[in-house]
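**Q** What follows is my_file_35.pdb, PDB, C-alpha atoms, pLDDT in the B column.
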ATOM      1  CA  MET A1021      15.158  -6.125   2.212  1.00 89.00           C
ATOM      2  CA  MET A1022      13.780  -4.462  -0.892  1.00 94.00           C
ATOM      3  CA  ARG A1023      12.444  -6.090  -4.041  1.00 97.00           C
ATOM      4  CA  HIS A1024      11.768  -4.103  -7.175  1.00 96.00           C
ATOM      5  CA  ILE A1025      10.288  -4.749 -10.595  1.00 97.00           C
ATOM      6  CA  HIS A1026       8.723  -2.611 -13.329  1.00 98.00           C
ATOM      7  CA  TYR A1027       4.954  -2.493 -13.145  1.00 97.00           C
ATOM      8  CA  LEU A1028       4.645  -3.560 -16.809  1.00 97.00           C
ATOM      9  CA  ASP A1029       6.622  -6.743 -16.184  1.00 98.00           C
ATOM     10  CA  LYS A1030       4.174  -9.669 -16.364  1.00 97.00           C
ATOM     11  CA  LYS A1031       5.884 -11.220 -13.345  1.00 98.00           C
ATOM     12  CA  SER A1032       5.344  -8.150 -11.139  1.00 98.00           C
ATOM     13  CA  VAL A1033       2.160  -9.344  -9.418  1.00 98.00           C
ATOM     14  CA  PRO A1034       3.241 -12.929  -8.577  1.00 98.00           C
ATOM     15  CA  TYR A1035       6.779 -11.827  -7.697  1.00 98.00           C
ATOM     16  CA  LEU A1036       5.808  -9.087  -5.247  1.00 98.00           C
ATOM     17  CA  SER A1037       2.728 -10.802  -3.827  1.00 98.00           C
ATOM     18  CA  GLU A1038       4.762 -13.891  -2.995  1.00 97.00           C
ATOM     19  CA  ALA A1039       7.429 -11.773  -1.315  1.00 97.00           C
ATOM     20  CA  LEU A1040       4.800  -9.907   0.714  1.00 98.00           C
ATOM     21  CA  THR A1041       3.139 -13.143   1.837  1.00 97.00           C
ATOM     22  CA  ASN A1042       6.491 -14.638   2.800  1.00 97.00           C
ATOM     23  CA  HIS A1043       7.217 -11.560   4.905  1.00 97.00           C
ATOM     24  CA  TYR A1044       3.982 -12.098   6.806  1.00 97.00           C
ATOM     25  CA  ILE A1045       4.784 -15.771   7.385  1.00 94.00           C
ATOM     26  CA  LEU A1046       7.958 -14.808   9.262  1.00 92.00           C
ATOM     27  CA  LYS A1047       5.783 -13.491  12.104  1.00 87.00           C
ATOM     28  CA  PRO A1048       2.224 -14.762  11.608  1.00 86.00           C
ATOM     29  CA  ASP A1049       0.678 -13.521  14.852  1.00 91.00           C
ATOM     30  CA  PHE A1050      -1.789 -10.958  13.529  1.00 96.00           C
ATOM     31  CA  THR A1051      -5.594 -11.162  13.487  1.00 96.00           C
ATOM     32  CA  GLU A1052      -6.352  -8.825  10.576  1.00 97.00           C
ATOM     33  CA  ILE A1053      -4.805  -6.788   7.774  1.00 98.00           C
ATOM     34  CA  VAL A1054      -4.797  -3.000   7.493  1.00 98.00           C
ATOM     35  CA  ILE A1055      -3.789  -1.317   4.240  1.00 98.00           C
ATOM     36  CA  ILE A1056      -2.957   2.392   4.445  1.00 98.00           C
ATOM     37  CA  CYS A1057      -2.795   4.177   1.095  1.00 97.00           C
ATOM     38  CA  VAL A1058      -1.058   7.515   1.522  1.00 96.00           C
ATOM     39  CA  GLY A1059      -1.556  10.486  -0.787  1.00 94.00           C
ATOM     40  CA  THR A1060      -3.988  13.171  -1.882  1.00 92.00           C
ATOM     41  CA  ASN A1061      -6.752  13.517  -4.450  1.00 92.00           C
ATOM     42  CA  ARG A1062      -5.663  17.051  -5.331  1.00 90.00           C
ATOM     43  CA  TYR A1063      -2.589  16.244  -7.412  1.00 87.00           C
ATOM     44  CA  THR A1064      -2.224  13.512 -10.011  1.00 88.00           C
ATOM     45  CA  TRP A1065       1.378  12.841  -9.006  1.00 87.00           C
ATOM     46  CA  ASP A1066       0.360  12.129  -5.403  1.00 90.00           C
ATOM     47  CA  SER A1067      -2.846  10.227  -6.153  1.00 94.00           C
ATOM     48  CA  LEU A1068      -1.371   6.740  -6.545  1.00 96.00           C
ATOM     49  CA  GLY A1069      -2.138   5.714  -2.964  1.00 97.00           C
ATOM     50  CA  PRO A1070      -5.756   6.961  -2.912  1.00 97.00           C
ATOM     51  CA  ILE A1071      -6.482   5.368  -6.292  1.00 98.00           C
ATOM     52  CA  VAL A1072      -5.144   2.040  -5.023  1.00 98.00           C
ATOM     53  CA  GLY A1073      -7.238   2.483  -1.883  1.00 98.00           C
ATOM     54  CA  SER A1074     -10.411   3.131  -3.882  1.00 97.00           C
ATOM     55  CA  ARG A1075      -9.803   0.056  -6.023  1.00 97.00           C
ATOM     56  CA  LEU A1076      -9.249  -2.098  -2.949  1.00 97.00           C
ATOM     57  CA  SER A1077     -12.220  -0.672  -1.044  1.00 95.00           C
ATOM     58  CA  GLU A1078     -14.502  -2.011  -3.759  1.00 92.00           C
ATOM     59  CA  ARG A1079     -12.845  -5.410  -3.573  1.00 94.00           C
ATOM     60  CA  PHE A1080     -12.747  -5.716   0.219  1.00 96.00           C
ATOM     61  CA  GLU A1081     -15.993  -4.006   1.147  1.00 92.00           C
ATOM     62  CA  GLY A1082     -17.559  -5.941   4.008  1.00 91.00           C
ATOM     63  CA  SER A1083     -14.441  -8.018   4.682  1.00 94.00           C
ATOM     64  CA  ARG A1084     -13.856  -8.744   8.360  1.00 93.00           C
ATOM     65  CA  TYR A1085     -10.149  -9.351   7.772  1.00 96.00           C
ATOM     66  CA  VAL A1086      -9.015  -6.466   5.548  1.00 97.00           C
ATOM     67  CA  HIS A1087      -9.474  -2.791   6.446  1.00 97.00           C
ATOM     68  CA  LEU A1088      -8.668   0.104   4.112  1.00 97.00           C
ATOM     69  CA  TYR A1089      -7.553   3.621   4.959  1.00 97.00           C
ATOM     70  CA  GLY A1090      -6.870   6.193   2.249  1.00 97.00           C
ATOM     71  CA  THR A1091      -9.178   6.472  -0.771  1.00 97.00           C
ATOM     72  CA  LEU A1092     -10.038   9.203  -3.266  1.00 96.00           C
ATOM     73  CA  ASP A1093     -13.078  10.087  -1.138  1.00 96.00           C
ATOM     74  CA  LYS A1094     -11.219   9.917   2.180  1.00 96.00           C
ATOM     75  CA  PRO A1095      -7.475  10.358   1.541  1.00 97.00           C
ATOM     76  CA  VAL A1096      -4.800   9.886   4.179  1.00 96.00           C
ATOM     77  CA  HIS A1097      -2.178  12.622   3.890  1.00 92.00           C
ATOM     78  CA  ALA A1098       0.183  14.775   5.917  1.00 87.00           C
ATOM     79  CA  LEU A1099      -2.623  16.719   7.601  1.00 89.00           C
ATOM     80  CA  ASN A1100      -4.505  13.720   9.005  1.00 93.00           C
ATOM     81  CA  LEU A1101      -1.856  11.003   9.085  1.00 92.00           C
ATOM     82  CA  GLN A1102      -1.103  11.183  12.804  1.00 91.00           C
ATOM     83  CA  LYS A1103      -4.803  11.115  13.698  1.00 94.00           C
ATOM     84  CA  THR A1104      -5.363   8.164  11.356  1.00 95.00           C
ATOM     85  CA  MET A1105      -2.441   6.221  12.828  1.00 94.00           C
ATOM     86  CA  ALA A1106      -3.697   6.857  16.367  1.00 95.00           C
ATOM     87  CA  HIS A1107      -7.103   5.495  15.370  1.00 96.00           C
ATOM     88  CA  ILE A1108      -5.569   2.413  13.738  1.00 96.00           C
ATOM     89  CA  THR A1109      -3.365   1.716  16.763  1.00 94.00           C
ATOM     90  CA  LYS A1110      -6.430   1.842  19.007  1.00 95.00           C
ATOM     91  CA  THR A1111      -8.859   0.009  16.735  1.00 95.00           C
ATOM     92  CA  HIS A1112      -6.586  -2.548  15.064  1.00 96.00           C
ATOM     93  CA  SER A1113      -4.003  -3.356  17.718  1.00 93.00           C
ATOM     94  CA  GLN A1114      -3.156  -6.762  16.222  1.00 95.00           C
ATOM     95  CA  ALA A1115      -3.156  -5.823  12.558  1.00 97.00           C
ATOM     96  CA  TYR A1116      -0.520  -6.568   9.946  1.00 98.00           C
ATOM     97  CA  ILE A1117      -0.129  -3.144   8.351  1.00 97.00           C
ATOM     98  CA  ILE A1118       0.770  -2.618   4.696  1.00 98.00           C
ATOM     99  CA  ALA A1119       1.443   0.920   3.490  1.00 98.00           C
ATOM    100  CA  VAL A1120       1.212   2.181  -0.089  1.00 97.00           C
ATOM    101  CA  ASP A1121       2.611   5.438  -1.428  1.00 95.00           C
ATOM    102  CA  ALA A1122       3.980   7.167  -4.503  1.00 94.00           C
ATOM    103  CA  ALA A1123       7.687   7.973  -4.552  1.00 91.00           C
ATOM    104  CA  LEU A1124      10.287   9.852  -6.539  1.00 87.00           C
ATOM    105  CA  GLY A1125      13.421   8.210  -7.866  1.00 86.00           C
ATOM    106  CA  GLN A1126      16.094   8.287 -10.511  1.00 87.00           C
ATOM    107  CA  PHE A1127      14.851   8.766 -14.067  1.00 86.00           C
ATOM    108  CA  TYR A1128      15.540   5.184 -15.140  1.00 90.00           C
ATOM    109  CA  LYS A1129      13.531   3.850 -12.170  1.00 93.00           C
ATOM    110  CA  ILE A1130      10.271   5.570 -13.110  1.00 93.00           C
ATOM    111  CA  GLY A1131       7.570   2.905 -13.325  1.00 96.00           C
ATOM    112  CA  THR A1132       9.305   0.636 -10.831  1.00 97.00           C
ATOM    113  CA  LEU A1133       7.384  -0.936  -7.969  1.00 98.00           C
ATOM    114  CA  GLN A1134       9.303  -1.443  -4.748  1.00 97.00           C
ATOM    115  CA  LEU A1135       8.345  -3.770  -1.906  1.00 98.00           C
ATOM    116  CA  VAL A1136      10.321  -2.725   1.164  1.00 97.00           C
ATOM    117  CA  GLU A1137      10.301  -4.886   4.290  1.00 96.00           C
ATOM    118  CA  GLU A1138      10.237  -2.027   6.757  1.00 95.00           C
ATOM    119  CA  PRO A1139       7.873   0.819   7.715  1.00 95.00           C
ATOM    120  CA  LEU A1140       7.108   3.510   5.155  1.00 95.00           C
ATOM    121  CA  GLN A1141       8.684   6.894   5.836  1.00 90.00           C
ATOM    122  CA  PRO A1142       6.116   9.172   4.142  1.00 82.00           C
ATOM    123  CA  GLY A1143       7.103  12.581   2.886  1.00 69.00           C
ATOM    124  CA  VAL A1144      10.832  11.834   2.696  1.00 63.00           C
ATOM    125  CA  SER A1145      11.044  13.058  -0.914  1.00 57.00           C
ATOM    126  CA  LEU A1146       9.443  16.332   0.147  1.00 58.00           C
ATOM    127  CA  ASP A1147      11.552  16.698   3.318  1.00 62.00           C
ATOM    128  CA  LYS A1148       8.518  16.240   5.571  1.00 68.00           C
ATOM    129  CA  GLU A1149       8.802  14.594   8.978  1.00 73.00           C
ATOM    130  CA  LEU A1150       5.863  12.209   9.357  1.00 78.00           C
ATOM    131  CA  PRO A1151       5.418   9.084  11.505  1.00 82.00           C
ATOM    132  CA  PRO A1152       6.547   5.750  10.034  1.00 89.00           C
ATOM    133  CA  ILE A1153       3.768   3.484   8.797  1.00 94.00           C
ATOM    134  CA  GLY A1154       3.312  -0.254   8.724  1.00 94.00           C
ATOM    135  CA  HIS A1155       5.295  -3.474   8.852  1.00 96.00           C
ATOM    136  CA  ILE A1156       6.003  -3.411   5.112  1.00 97.00           C
ATOM    137  CA  HIS A1157       5.263  -1.046   2.257  1.00 98.00           C
ATOM    138  CA  VAL A1158       4.807  -0.784  -1.486  1.00 98.00           C
ATOM    139  CA  LYS A1159       6.053   2.249  -3.405  1.00 96.00           C
ATOM    140  CA  GLY A1160       5.523   3.207  -7.012  1.00 96.00           C
ATOM    141  CA  ILE A1161       8.193   5.426  -8.569  1.00 94.00           C
ATOM    142  CA  ILE A1162       6.125   8.025 -10.434  1.00 92.00           C
ATOM    143  CA  ASN A1163       8.664  10.699 -11.352  1.00 87.00           C
ATOM    144  CA  ASN A1164      12.276  11.868 -11.219  1.00 81.00           C
ATOM    145  CA  HIS A1165      13.332  13.291  -7.853  1.00 74.00           C
ATOM    146  CA  SER A1166      15.787  15.673  -9.507  1.00 65.00           C
ATOM    147  CA  LEU A1167      12.895  17.439 -11.235  1.00 57.00           C
ATOM    148  CA  LEU A1168      10.965  18.205  -8.091  1.00 58.00           C
ATOM    149  CA  ASN A1169       8.909  21.249  -8.932  1.00 61.00           C
ATOM    150  CA  HIS A1170       5.165  21.578  -9.290  1.00 62.00           C
ATOM    151  CA  LYS A1171       5.201  22.466 -12.994  1.00 60.00           C
ATOM    152  CA  VAL A1172       6.959  19.212 -13.826  1.00 62.00           C
ATOM    153  CA  MET A1173       5.019  17.112 -11.328  1.00 68.00           C
ATOM    154  CA  GLU A1174       1.691  18.393 -12.658  1.00 70.00           C
ATOM    155  CA  HIS A1175       2.492  16.726 -15.975  1.00 73.00           C
ATOM    156  CA  THR A1176       2.532  13.246 -14.455  1.00 82.00           C
ATOM    157  CA  SER A1177       0.194  11.141 -16.588  1.00 89.00           C
ATOM    158  CA  LEU A1178      -3.059  10.043 -14.961  1.00 91.00           C
ATOM    159  CA  THR A1179      -3.116   7.046 -17.307  1.00 94.00           C
ATOM    160  CA  PHE A1180       0.301   6.020 -16.011  1.00 95.00           C
ATOM    161  CA  ILE A1181      -0.854   6.375 -12.389  1.00 96.00           C
ATOM    162  CA  ASN A1182      -4.020   4.392 -13.098  1.00 96.00           C
ATOM    163  CA  GLU A1183      -2.111   1.570 -14.759  1.00 97.00           C
ATOM    164  CA  MET A1184       0.362   1.361 -11.898  1.00 98.00           C
ATOM    165  CA  SER A1185      -2.437   1.438  -9.308  1.00 98.00           C
ATOM    166  CA  ALA A1186      -4.145  -1.488 -11.037  1.00 98.00           C
ATOM    167  CA  VAL A1187      -1.003  -3.615 -10.732  1.00 98.00           C
ATOM    168  CA  ILE A1188      -0.479  -2.675  -7.075  1.00 98.00           C
ATOM    169  CA  SER A1189      -4.117  -3.480  -6.349  1.00 98.00           C
ATOM    170  CA  ARG A1190      -3.826  -6.909  -7.939  1.00 98.00           C
ATOM    171  CA  LEU A1191      -0.695  -7.816  -6.010  1.00 98.00           C
ATOM    172  CA  LEU A1192      -2.291  -6.709  -2.734  1.00 98.00           C
ATOM    173  CA  VAL A1193      -5.481  -8.675  -3.418  1.00 98.00           C
ATOM    174  CA  LYS A1194      -3.398 -11.766  -4.181  1.00 98.00           C
ATOM    175  CA  SER A1195      -1.337 -11.261  -1.002  1.00 98.00           C
ATOM    176  CA  CYS A1196      -4.419 -10.812   1.166  1.00 97.00           C
ATOM    177  CA  GLN A1197      -6.022 -13.933  -0.288  1.00 97.00           C
ATOM    178  CA  ASP A1198      -2.901 -15.886   0.683  1.00 97.00           C
ATOM    179  CA  ILE A1199      -2.512 -14.292   4.114  1.00 97.00           C
ATOM    180  CA  ILE A1200      -6.118 -14.411   5.351  1.00 96.00           C
ATOM    181  CA  PRO A1201      -6.219 -18.198   5.938  1.00 95.00           C
ATOM    182  CA  GLN A1202      -3.076 -17.841   8.071  1.00 94.00           C
ATOM    183  CA  LEU A1203      -4.321 -15.047  10.342  1.00 96.00           C
ATOM    184  CA  MET A1204      -4.614 -15.789  14.047  1.00 91.00           C
ATOM    185  CA  PRO A1205      -8.187 -16.263  15.312  1.00 87.00           C
ATOM    186  CA  VAL A1206      -9.810 -13.125  16.697  1.00 73.00           C
ATOM    187  CA  PRO A1207     -10.223 -13.634  20.490  1.00 65.00           C
ATOM    188  CA  GLN A1208     -14.023 -13.219  20.531  1.00 58.00           C
ATOM    189  CA  LEU A1209     -14.351 -15.805  17.778  1.00 44.00           C
ATOM    190  CA  GLY A1210     -13.025 -18.604  20.007  1.00 45.00           C
ATOM    191  CA  ASN A1211     -11.112 -21.174  17.997  1.00 46.00           C
ATOM    192  CA  GLU A1212     -12.735 -20.364  14.686  1.00 45.00           C
ATOM    193  CA  ALA A1213     -10.031 -20.122  12.029  1.00 46.00           C
ATOM    194  CA  PRO A1214     -10.158 -17.459   9.326  1.00 47.00           C
ATOM    195  CA  SER A1215     -11.467 -18.648   6.003  1.00 43.00           C
ATOM    196  CA  HIS A1216     -10.879 -17.345   2.500  1.00 41.00           C
ATOM    197  CA  LEU A1217     -12.435 -14.093   1.391  1.00 41.00           C
ATOM    198  CA  SER A1218     -16.208 -14.094   1.534  1.00 37.00           C
ATOM    199  CA  SER A1219     -17.705 -10.856   0.261  1.00 35.00           C
ATOM    200  CA  ALA A1220     -14.207  -9.749  -0.716  1.00 38.00           C
ATOM    201  CA  THR A1221     -13.813 -12.419  -3.381  1.00 33.00           C
TER     202      THR A1221
END
Would you put the structure from the file into structure tokens?

**A**
Amino acid sequence: MMRHIHYLDKKSVPYLSEALTNHYILKPDFTEIVIICVGTNRYTWDSLGPIVGSRLSERFEGSRYVHLYGTLDKPVHALNLQKTMAHITKTHSQAYIIAVDAALGQFYKIGTLQLVEEPLQPGVSLDKELPPIGHIHVKGIINNHSLLNHKVMEHTSLTFINEMSAVISRLLVKSCQDIIPQLMPVPQLGNEAPSHLSSAT
């Protein structure tokens, strides 16, 4: 199932965060949350994911329940994606994984946020074959797929990307706040139940 709403719509954060939380509730047997923000810091049009990741890393620094991969300092992209996924599989075997990425779409969909209840297929717009990511993903439509050339893509507004990343960050923070109390206890913690965000609040 896919839900979509324009990032400037005032209902975008509550609408998508509620849908994301409800998706988790369908199978609440995870012990932590991993958010993978895909993209690069070299091109504005592909920086949405890393900008979201950097925003969230400040918010969730020190959190034992939320782990971030993909920031402006340490982006996750085509060259290191497989290595990153192998590390996550080994280190976070019981994690609920949320992926974030920029996407191309029809002209009238630019600015739309999409919450898709299936793994992200990164690089599809660029005809790249990369491994699927996550249990659910958020995409921001940043440009028109029919105008796919670097001269056009380079003119993607950084202000636009920043504004969209702020909305995505807020909806993910809200979702994590709602999901964390419902996470399964980590085995080594005995029967201790997760509490609300501590240093991440």

**Q** In Å, rounded to a single decimal, give me how far CA of Ile1117 (chain A) is from CA of Pro1205 (chain A).

**A**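 According to the coordinates, CA of Pro1205 (chain A) and CA of Ile1117 (chain A) are separated by 16.9 Å.
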
**Q** For this file, the PyMOL selection byres ((chain A and resi 1140) around 6) selects which residues, as a list in words?

**A**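 That selection, the PyMOL selection byres ((chain A and resi 1140) around 6), comes back as Pro1139, Gln1141, Pro1142, Pro1152, Ile1153 and His1157 of chain A.
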
**Q** Excluding Asp1121 (chain A) and its own-chain neighbours fewer than 6 positions away, which residues fall within 7 Å of it when counting only C-alpha atoms? Please give them as a VMD selection string.

**A** chain A and resid 1057 to 1059 1068 to 1069 1158 to 1160

**Q** Calculate how many Å separate CA of Trp1065 (chain A) from CA of Tyr1128 (chain A), rounding to one decimal.

**A**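 Between CA of Trp1065 (chain A) and CA of Tyr1128 (chain A) the gap works out to 17.2 Å.
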
**Q** What would the list of residues within 12 Å of (-3.0, 4.3, -14.9) (file frame) look like as a list of chain:residue names, if all atoms listed in the file are what count?

**A**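 Output of the proximity query reads A:Tyr1027, A:Leu1028, A:Thr1064, A:Trp1065, A:Ser1067, A:Leu1068, A:Ile1071, A:Val1072, A:Arg1075, A:Gly1131, A:Gly1160, A:Ile1162, A:Thr1176, A:Ser1177, A:Leu1178, A:Thr1179, A:Phe1180, A:Ile1181, A:Asn1182, A:Glu1183, A:Met1184, A:Ser1185, A:Ala1186, A:Val1187, A:Ile1188, A:Ser1189.
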
**Q** With the input short on atoms, add N, CA, C and O atoms back to region 1195-1209 of chain A and write it as a compact mmCIF listing (two decimals), keeping the file's coordinate frame.

**A**
# COMPACT_ATOMS: atom_id res chain seq x y z
N SER A 1195 -2.00 -11.08 -2.30
CA SER A 1195 -1.34 -11.26 -1.00
C SER A 1195 -2.36 -11.48 0.11
O SER A 1195 -2.19 -12.37 0.95
N CYS A 1196 -3.40 -10.68 0.12
CA CYS A 1196 -4.42 -10.81 1.17
C CYS A 1196 -5.12 -12.16 1.08
O CYS A 1196 -5.40 -12.80 2.11
N GLN A 1197 -5.39 -12.62 -0.13
CA GLN A 1197 -6.02 -13.93 -0.29
C GLN A 1197 -5.14 -15.04 0.29
O GLN A 1197 -5.65 -16.01 0.86
N ASP A 1198 -3.83 -14.88 0.16
CA ASP A 1198 -2.90 -15.89 0.68
C ASP A 1198 -2.68 -15.76 2.18
O ASP A 1198 -2.42 -16.74 2.87
N ILE A 1199 -2.78 -14.52 2.69
CA ILE A 1199 -2.51 -14.29 4.11
C ILE A 1199 -3.72 -14.60 4.99
O ILE A 1199 -3.58 -15.14 6.09
N ILE A 1200 -4.91 -14.28 4.53
CA ILE A 1200 -6.12 -14.41 5.35
C ILE A 1200 -6.27 -15.79 6.00
O ILE A 1200 -6.56 -15.87 7.21
N PRO A 1201 -6.07 -16.89 5.28
CA PRO A 1201 -6.22 -18.20 5.94
C PRO A 1201 -5.19 -18.45 7.04
O PRO A 1201 -5.37 -19.36 7.85
N GLN A 1202 -4.13 -17.64 7.09
CA GLN A 1202 -3.08 -17.84 8.07
C GLN A 1202 -3.17 -16.87 9.25
O GLN A 1202 -2.34 -16.93 10.17
N LEU A 1203 -4.16 -15.99 9.24
CA LEU A 1203 -4.32 -15.05 10.34
C LEU A 1203 -4.68 -15.79 11.62
O LEU A 1203 -5.35 -16.82 11.60
N MET A 1204 -4.25 -15.23 12.75
CA MET A 1204 -4.61 -15.79 14.05
C MET A 1204 -6.11 -15.55 14.29
O MET A 1204 -6.66 -14.55 13.84
N PRO A 1205 -6.77 -16.47 15.01
CA PRO A 1205 -8.19 -16.26 15.31
C PRO A 1205 -8.39 -15.01 16.16
O PRO A 1205 -7.59 -14.72 17.04
N VAL A 1206 -9.45 -14.27 15.87
CA VAL A 1206 -9.81 -13.12 16.70
C VAL A 1206 -10.31 -13.66 18.03
O VAL A 1206 -11.11 -14.60 18.06
N PRO A 1207 -9.86 -13.10 19.17
CA PRO A 1207 -10.22 -13.63 20.49
C PRO A 1207 -11.70 -13.94 20.68
O PRO A 1207 -12.07 -15.01 21.14
N GLN A 1208 -12.60 -13.01 20.28
CA GLN A 1208 -14.02 -13.22 20.53
C GLN A 1208 -14.63 -14.29 19.63
O GLN A 1208 -15.77 -14.68 19.81
N LEU A 1209 -13.83 -14.76 18.66
CA LEU A 1209 -14.35 -15.80 17.78
C LEU A 1209 -13.99 -17.20 18.29
O LEU A 1209 -14.23 -18.19 17.61
